[in-house]
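Participant: One structure is given below, represented as structure tokens, and several questions about it will come after.
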There are 2 protein chains.
Amino acid sequence: MNAKTERAAGSLVDAAYAGIRRRILDNRWAPGHQALEQALALELGMSRTPVREALIRLANEGLVEVVPRHGMRVLPVSPSDMQEIYEILTSLEAMAAELVARRAPAAAELAPLEKASRDMDKALKKDDLDAWAEADERYHRHLVELCGNRKLAAIVYNYWDRAHRARMFTLRLRPKPVDSTREHLAVVEAIRRGDAVAARELHRAHRERGSRELTEILSRYRLSQV
Amino acid sequence: MNAKTERAAGSLVDAAYAGIRRRILDNRWAPGHQALEQALALELGMSRTPVREALIRLANEGLVEVVPRHGMRVLPVSPSDMQEIYEILTSLEAMAAELVARRAPAAAELAPLEKASRDMDKALKKDDLDAWAEADERYHRHLVELCGNRKLAAIVYNYWDRAHRARMFTLRLRPKPVDSTREHLAVVEAIRRGDAVAARELHRAHRERGSRELTEILSRYRLSQV
DNA sequence: GGCTGCCTCAACGTATACATTAACGGCCAC
DNA sequence: GTGGCCGTTAATGTATACGTTGAGGCAGCC
């Protein structure tokens, strides 16, 4: 990706934000990586001003830290960070499932959830973990979209970003996620019945299980940060 | 508050952030209020640069919107915003209560919760609604602090800020909050028992009731925004 | 040899300069 | 009178300038 491509977005601030964020999520800049404002400006082909403004956004979103005299630093995600993040996601996504059930959406709106779940199974049978992760993310994303609470969705997306690297990293270390599909479909079924409490609790249990597995892996492999 | 006082904080950016935020939360700048960057800079006694950087933070936090050519605009909070916010707070604070119960805190850590609850009762008996609101906030704040999840706490604080004006506005329109104290103490009791699920569900019920009352008031008084 | 204090330098925070561009008002045609 | 076009102007986005200050190195002292 060259500077010209990154400029495509409206403003240089947006370009800087997108460029830096991409580099972090793609793990091109590992956790702990530091870069001075001037260096960033040079790499992104702009002056320090838009870089600074992008860094403020990224710092607010918890992806980087700005240390005076040391530039920005890509924040690592420790196991305890992951636990905190999963507590937040568990709580908010469970609420999302409840809200979806209360809204009693049309069958067409639920179809993508089922398709995503089926795709997870297919991917699993082919041992294609990347496709599995994509379908899993699609399921969760659609669920959160359907709940109608945009602010809640925005928080969830933000924390997904923060946990992204760790998820990618543990994807191949964890046991085959054979239970996820069934749990997803159980949530959908509860939504279809209009059973908001069941939807909430089933989704909570689903996330809690995922959280436990992740935590266990991180501690087993002594991954102090990702 | 003059410019000099606001400069007290370390950087001008912090001063601008604090100054603008204060004006909004105190309702000196009503929802919808607009101000140009240059005007803000003049009022705060600094140049546009730190003002712009503060506005980015405030916009991220949802207090203002930056519209090119029209400067910043203080965002109103509509009833549907309030509903979204309360859904988030209900879910996260319930999780916080659960986490506190799981941590099995020492009695000394729970004492401030009980004191805050007692202060709410006292304030109510004296018909001092401001003192009631302060004690109520103190209870909720301490609960969220105790849960140990800093990121969760940060989200909660942010959304409290957004809902602050509406809470202050409806404080004197709502029925006397006679149930709150009992509900708070029930949560504390569940925490003391180590009954995490009960703590979570009691707190959820507490917030859901508050949310219902608030929503009802906003619609009864046709408050389309605060 | 290790530690402390000074000095240098560069990174940052802030101010200012400047080109761009959209809002607004006025003017003209109908 | 009304609607549309054009020019003016000011607000913004970005670049650049500049003073301040803290980090790191070096020398001198214990």
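Within each chain, counting starts at residue 1; across the structure tokens, chains are named A, B, ... in the order shown, with ligands numbered 1 upward in that order.
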Check every residue of chain B for an atom within 8 Å of chain C, counting only C-alpha atoms (C1' of nucleotides), and provide those that qualify as a ChimeraX atom specification.

Facilitator: /B:11,47,49-50,69

Participant: Compute the chain D side of the contact with chain A at 9 Å, counting only C-alpha atoms (C1' of nucleotides), and hand it back as a list in words.

Facilitator: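 Only these qualify: DG13, DT14, DA15, DT16, DG22 and DA23 of chain D.
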
Participant: Identify all chain B residues at most 10 Å from chain A by counting only C-alpha atoms; ligands do not count. Present them as a ChimeraX atom specification.

Facilitator: /B:49,52-54,56-57,59-62,80-81,83-85,87-96,99,148-153,155,159

Participant: Excluding same-chain residues fewer than 3 positions from Ala106 in chain B, what lies within 9 Å of it counting only C-alpha atoms (C1' of nucleotides), as a list in words?

Facilitator: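 Contacts, with the query itself left out: Glu109, Leu110 and Arg192 of chain B.
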
Participant: Please write the residues from the selection above to a file, keeping N, CA and C atoms, as a compact mmCIF listing (two decimals), in the first residue's frame.

Facilitator:
```
# COMPACT_ATOMS: atom_id res chain seq x y z
N GLU B 109 -14.42 -2.84 51.78
CA GLU B 109 -14.61 -2.34 50.43
C GLU B 109 -16.09 -2.11 50.13
N LEU B 110 -16.93 -2.86 50.82
CA LEU B 110 -18.37 -2.73 50.56
C LEU B 110 -19.00 -1.61 51.37
N ARG B 192 -22.20 -9.72 49.12
CA ARG B 192 -21.63 -10.23 50.38
C ARG B 192 -21.79 -11.74 50.46
```

Participant: Report as JSON, numbers by chain: the residues of range 11-162 of chain B with a DSSP assignment of strand (DSSP E or B), based on the backbone of this structure.

Facilitator: {"B": [34, 35, 64, 65, 66, 67, 71, 72, 73, 74]}

Participant: Have a look at A:Asp136, A:Val156, A:Ala97, A:Thr181 and name the one nearest to Gly194 in chain A; count only C-alpha atoms.

Facilitator: A:Ala97

Participant: Would you work out the distance separating CA of Arg162 in chain B from CA of Val144 in chain B, expressed in Å to one decimal?

Facilitator: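 CA of Val144 in chain B lies at a distance of 17.1 Å from CA of Arg162 in chain B.
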
Participant: As an exercise, work out the distance from CA of Ala166 in chain A to CA of Val77 in chain A in Å and give it to one decimal place.

Facilitator: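 Computing it gives 7.6 Å between the two atoms.
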
Participant: For the structure I just gave you, how does DSSP split range 63-197 of chain A - specifically, which residues are alpha helix (DSSP H)? Reply as a VMD selection string.

Facilitator: chain A and resid 79 to 103 107 to 125 129 to 146 150 to 170 180 to 193 196 to 197

Participant: I'd like the neighbourhood of range 19-27 of chain B as a ChimeraX atom specification, where a residue qualifies if any of its atoms comes within 12 Å (using only C-alpha atoms (C1' of nucleotides)), though same-chain residues fewer than 4 positions away should be ignored.

Facilitator: /B:1-9,12-15,31-35,37,40-41,43-46,50-59,61-64,72-76,158,160-169,226

Participant: Calculate how many Å separate CA of Leu129 in chain A from CA of Arg172 in chain A, rounding to one decimal.

Facilitator: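 Separating CA of Leu129 in chain A from CA of Arg172 in chain A is a distance of 7.5 Å.
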